[in-house]
Amino acid sequence: MIERIRELLNREPAEIPVTAQGWVRTKRDTKHVTFLEVNDGSCLKSLQVIIDRNSREVTDTLNRVSTGASVSCTGRLAESPGKNQKVELHADTIELIGEAPPESYPLQKKRHSFEFLREIAHLRPRTNTIGAVARVRNAMSRAVHTFFQERDFLYIHTPIITTSDCEGAGEMFQVTTLPLNQVPMREGSPDYSRDFFQKPANLTVSGQLEAEIYALAMTNVYTFGPTFRAENSNTSRHLSEFWMIEPEMAFCTLEGNMEVAESFLKYVFSHVLETCREDMEFFNQWIQKGVIDSLSSVAEGVFTRMTYTDAVKELTAAPVSFEYPVSWGADLQSEHEKYLTEQVCRGPVIVTDYPREIKAFYMLLNDDEKTVRAMDVLVPRLGEIIGGSEREYRYDVLTRRILESGLDPKDYWWYLDLRRYGTVPHAGFGLGFERAVQYVTGMQNIRDVIPFPRAVGSAEF
RNA sequence: UCCCCUGUAGCUCAGCUGGUAGAGCGGGUGGCUGUUAACCACCAUGUCGGCGGUUCGAGUCCGUCCGGGGGAGCCA
């Protein structure tokens with residue numbers, strides 16, 4: 001394989017011929033030579049290639065080279081007299097592999113709006129910002145796996161298609177092979193016995209319940225996979241298809257859960273700061289001023305721990321007026337979370353022990369019967385980035401909580417079985433991967449941190 | 001789903017209280033130059049999102065539909 005441009009840019013000038021391949025970002029002509037900026041996605045920077053227009057053949061080739069064209073250039077790496085780069089490629093030969101007619105190629109040298117780039121999602125990774133997002137997203141994925149693998153967590157592939165209609169985390173996409181123009185009916189409703197799975201099936205909204213199954217056998221596991229929500233929500237923070245990370249740990253209480261969540265965030269953020277320095281400086285300068293500082297302070301700072309009850313006390317005593325009133329029993333609004341992280345704790349805070357009414361049935365009920373062992377990790381600038389809990393592991397209590405939530409224990413038979421056979425305290429949390437990428441890059445819209453965003457009315461490419 | 005904003009050249013936008021359209025960038029042509037947001041000159045840009053209405057006349061006002069953005073709710 002040809003050496004990548006990232007490697008070439010780090011090399012010293014030498015006489016040995018090297019080849020660079022990539023896509024032309026810009027072309028500039030002077031009297032006798034042509035300058036190309038060639039980028040291959042290996043890093044933010046492009047390689048400056050200089051070609052002497054000393055023959056008719058080279059001139060003809062260069063006339064057809066324009067922004068977006070793919071080229072292969074061979075020559076010597078030389079010290080650059082220009083101030084924007086250390087080395088440059090003095091090419092003896094240039095091969096035009098694929099033209100990009102300038103009258104129709106949509107990408108220009110100037111800045112484009114992200115809205116426009118979304119319409120050309122097949123070409124947008126060739127821009128500085130989307131390219132940088134792709135590299136940071138990749139580094140974060142890698143860090144997620146490394147973090148858990150180094151701690152002996154097993155990566156579990158939980159199902160994409162599920163027939164348990166009990167996940168209750170949002171609207172689901174139905175999966176069916178029934179003919180939609182003539183659905184077989186039985187007693188007034190679709191006859192699912194004739195559907196592919198012989199019962200209603202959906203795309204998963206969470207892998208947590210299945211992760212719990214494996215945690216209660218393998219001890220420590222995690223999932224990292226696609227998740228689907230059919231909610232009709234059109235915001236800069238929601239996608240219909242997104243990636244979620246869900247660790248689940250047996251013999252673990254909320255304290256252990258908090259420790260893992262804190263070290264997890266610190267690990268991933270540190271990894272990006274260390275390995276994506278150039279891209280992060282780009283985001284810091286052009287996308288979100290101060291993003292490096294805020295990431296560093298999370299990576300190095302302390303995570304304050306606070307119960308929901310104490311948080312409400314802090315907010316009630318706050319010398320500011322909130323748009324939404326604070327009262328025990330009500331969920332924290334984003335303005336409240338912002339105040340806690342930015343004013344009270346001046347850094348990340350983990351809020352625990354929420355009222356049972358505003359949290360899910362599977363969270364461990366405290367002895368006070370009023371609160372559950374839930375935790376939300378809040379960070380400055382964003383608010384909630386992680387939500388998790390210690391799970392209810394007592395069969396009787398869980399059955400009671402299912403009933404109280406208006407659900408049918410029969411639908412949860414296998415989930416309850418885990419509490420009948422060898423139950424054990426366990427805990428876990430969930431993290432929306434794209435939200436984390438948004439936080440790290442400072443990108444405003446979640447649709448720009450996933451290669452091919454799916455949202456209401458939008459699934460192009 | 002609700003509220004607000006928005007849709008004009010390939011892109012980013014201007015177009016006041018109604019009188020059939022402009023700029024910058026991009027593109028083309030020529031010039032200059034080890035250039036790097038290159039520079040200078042000239043040239044061409046268009047169903048003003050769709051449909052309907054008011055009016056002598058609609059980019060502009062009204063209705064409606066579609067697309068985009070922001071906020072809320074829901075959440076990750």
# chains A, B, ... in the order shown; residues from 1 in each chain; ligands from 1

call {"tool": "interface_residues", "arguments": {"of": "chain B", "to": "chain A", "cutoff": "9 Å", "atoms": "only C-alpha atoms (C1' of nucleotides)", "output": "ChimeraX atom specification"}}
result
/B:1,10-12,25-27,32-38,68-71,73-76

call {"tool": "residues_around", "arguments": {"residues": "Ser263 of chain A", "least_positions_apart": "5", "cutoff": "10 Å", "atoms": "only C-alpha atoms (C1' of nucleotides)", "output": "PyMOL selection string"}}
result
chain A and resi 147+258+268-269+299+303

call {"tool": "residues_around", "arguments": {"residues": "G15 of chain B", "least_positions_apart": "6", "cutoff": "10 Å", "atoms": "only C-alpha atoms (C1' of nucleotides)", "output": "PDB file with N, CA, C and O atoms (P, O5', C5', C4', C3', O3' and C1' of nucleotides), in the first residue's frame"}}
result
ATOM      1  P     U B   8     -33.434  30.012  -1.418  1.00  0.00           P
ATOM      2  O5'   U B   8     -33.906  31.236  -2.313  1.00  0.00           O
ATOM      3  C5'   U B   8     -34.738  31.055  -3.446  1.00  0.00           C
ATOM      4  C4'   U B   8     -34.559  32.191  -4.412  1.00  0.00           C
ATOM      5  C3'   U B   8     -33.119  32.456  -4.830  1.00  0.00           C
ATOM      6  O3'   U B   8     -32.679  31.583  -5.847  1.00  0.00           O
ATOM      7  C1'   U B   8     -34.112  34.484  -4.187  1.00  0.00           C
ATOM      8  P     A B  21     -36.630  42.521 -13.049  1.00  0.00           P
ATOM      9  O5'   A B  21     -35.635  43.489 -12.281  1.00  0.00           O
ATOM     10  C5'   A B  21     -34.247  43.242 -12.283  1.00  0.00           C
ATOM     11  C4'   A B  21     -33.828  42.903 -10.865  1.00  0.00           C
ATOM     12  C3'   A B  21     -32.408  42.388 -10.769  1.00  0.00           C
ATOM     13  O3'   A B  21     -31.543  43.476 -10.520  1.00  0.00           O
ATOM     14  C1'   A B  21     -33.905  41.006  -9.531  1.00  0.00           C
ATOM     15  P     G B  22     -30.602  43.965 -11.719  1.00  0.00           P
ATOM     16  O5'   G B  22     -29.192  44.136 -11.043  1.00  0.00           O
ATOM     17  C5'   G B  22     -28.472  43.016 -10.566  1.00  0.00           C
ATOM     18  C4'   G B  22     -28.051  43.254  -9.141  1.00  0.00           C
ATOM     19  C3'   G B  22     -26.794  42.513  -8.732  1.00  0.00           C
ATOM     20  O3'   G B  22     -25.632  43.211  -9.122  1.00  0.00           O
ATOM     21  C1'   G B  22     -28.470  42.211  -7.106  1.00  0.00           C
ATOM     22  P     G B  59     -43.187  38.323  -8.698  1.00  0.00           P
ATOM     23  O5'   G B  59     -42.041  37.825  -7.708  1.00  0.00           O
ATOM     24  C5'   G B  59     -42.142  36.555  -7.061  1.00  0.00           C
ATOM     25  C4'   G B  59     -41.362  36.568  -5.774  1.00  0.00           C
ATOM     26  C3'   G B  59     -42.008  37.340  -4.636  1.00  0.00           C
ATOM     27  O3'   G B  59     -42.893  36.519  -3.914  1.00  0.00           O
ATOM     28  C1'   G B  59     -39.743  37.998  -4.876  1.00  0.00           C
ATOM     29  P     U B  60     -44.292  37.095  -3.410  1.00  0.00           P
ATOM     30  O5'   U B  60     -43.904  38.294  -2.434  1.00  0.00           O
ATOM     31  C5'   U B  60     -43.158  38.060  -1.251  1.00  0.00           C
ATOM     32  C4'   U B  60     -42.779  39.364  -0.613  1.00  0.00           C
ATOM     33  C3'   U B  60     -43.957  40.193  -0.123  1.00  0.00           C
ATOM     34  O3'   U B  60     -43.672  40.736   1.146  1.00  0.00           O
ATOM     35  C1'   U B  60     -42.636  41.446  -1.657  1.00  0.00           C
TER      36        U B  60
END

call {"tool": "select_by_dssp", "arguments": {"residues": "segment 16-225 of chain A", "states": "strand (DSSP E)", "output": "PyMOL selection string"}}
result
chain A and resi 16-29+33-39+47-52+70-79+87-98+154-155+161-162+174-175+185-186+189-190+201-203+220-225

call {"tool": "atom_distance", "arguments": {"atom1": "atom C1' of U54 of chain B", "atom2": "atom C1' of G18 of chain B"}}
result
11.6 Å

call {"tool": "residues_around", "arguments": {"residues": "Glu337 of chain A", "least_positions_apart": "5", "cutoff": "9 Å", "atoms": "only C-alpha atoms (C1' of nucleotides)", "output": "JSON, numbers by chain"}}
result
{"A": [332, 342, 378, 379, 380, 382, 383, 384]}

call {"tool": "write_last_selection", "arguments": {"atoms": "N, CA and C atoms", "output": "JSON list (two decimals), in the first residue's frame"}}
result
[["chain", "number", "residue", "atom", "x", "y", "z"],
["A", 332, "LEU", "N", -35.43, 17.00, 36.75],
["A", 332, "LEU", "CA", -34.58, 18.17, 36.59],
["A", 332, "LEU", "C", -34.63, 18.63, 35.13],
["A", 342, "GLU", "N", -22.40, 23.93, 36.23],
["A", 342, "GLU", "CA", -21.60, 25.12, 35.94],
["A", 342, "GLU", "C", -21.45, 26.06, 37.13],
["A", 378, "LEU", "N", -23.96, 14.28, 34.75],
["A", 378, "LEU", "CA", -24.17, 15.56, 34.08],
["A", 378, "LEU", "C", -22.82, 16.23, 33.84],
["A", 379, "VAL", "N", -22.66, 16.79, 32.67],
["A", 379, "VAL", "CA", -21.42, 17.51, 32.37],
["A", 379, "VAL", "C", -21.76, 18.94, 31.96],
["A", 380, "PRO", "N", -20.82, 19.87, 32.22],
["A", 380, "PRO", "CA", -21.06, 21.26, 31.81],
["A", 380, "PRO", "C", -21.31, 21.33, 30.30],
["A", 382, "LEU", "N", -23.50, 20.44, 28.30],
["A", 382, "LEU", "CA", -24.43, 19.52, 27.66],
["A", 382, "LEU", "C", -25.56, 19.07, 28.59],
["A", 383, "GLY", "N", -25.24, 18.83, 29.86],
["A", 383, "GLY", "CA", -26.23, 18.24, 30.75],
["A", 383, "GLY", "C", -26.02, 16.75, 30.83],
["A", 384, "GLU", "N", -27.13, 15.98, 30.80],
["A", 384, "GLU", "CA", -27.01, 14.53, 30.98],
["A", 384, "GLU", "C", -26.27, 13.88, 29.81]]

call {"tool": "atom_distance", "arguments": {"atom1": "atom CA of Arg137 of chain A", "atom2": "atom CA of Leu44 of chain A"}}
result
14.1 Å

call {"tool": "closest_residue", "arguments": {"among": "A:Ala330, A:Ile94, A:Met1, A:Ala459", "to": "Val24 of chain A", "atoms": "only C-alpha atoms"}}
result
A:Ile94
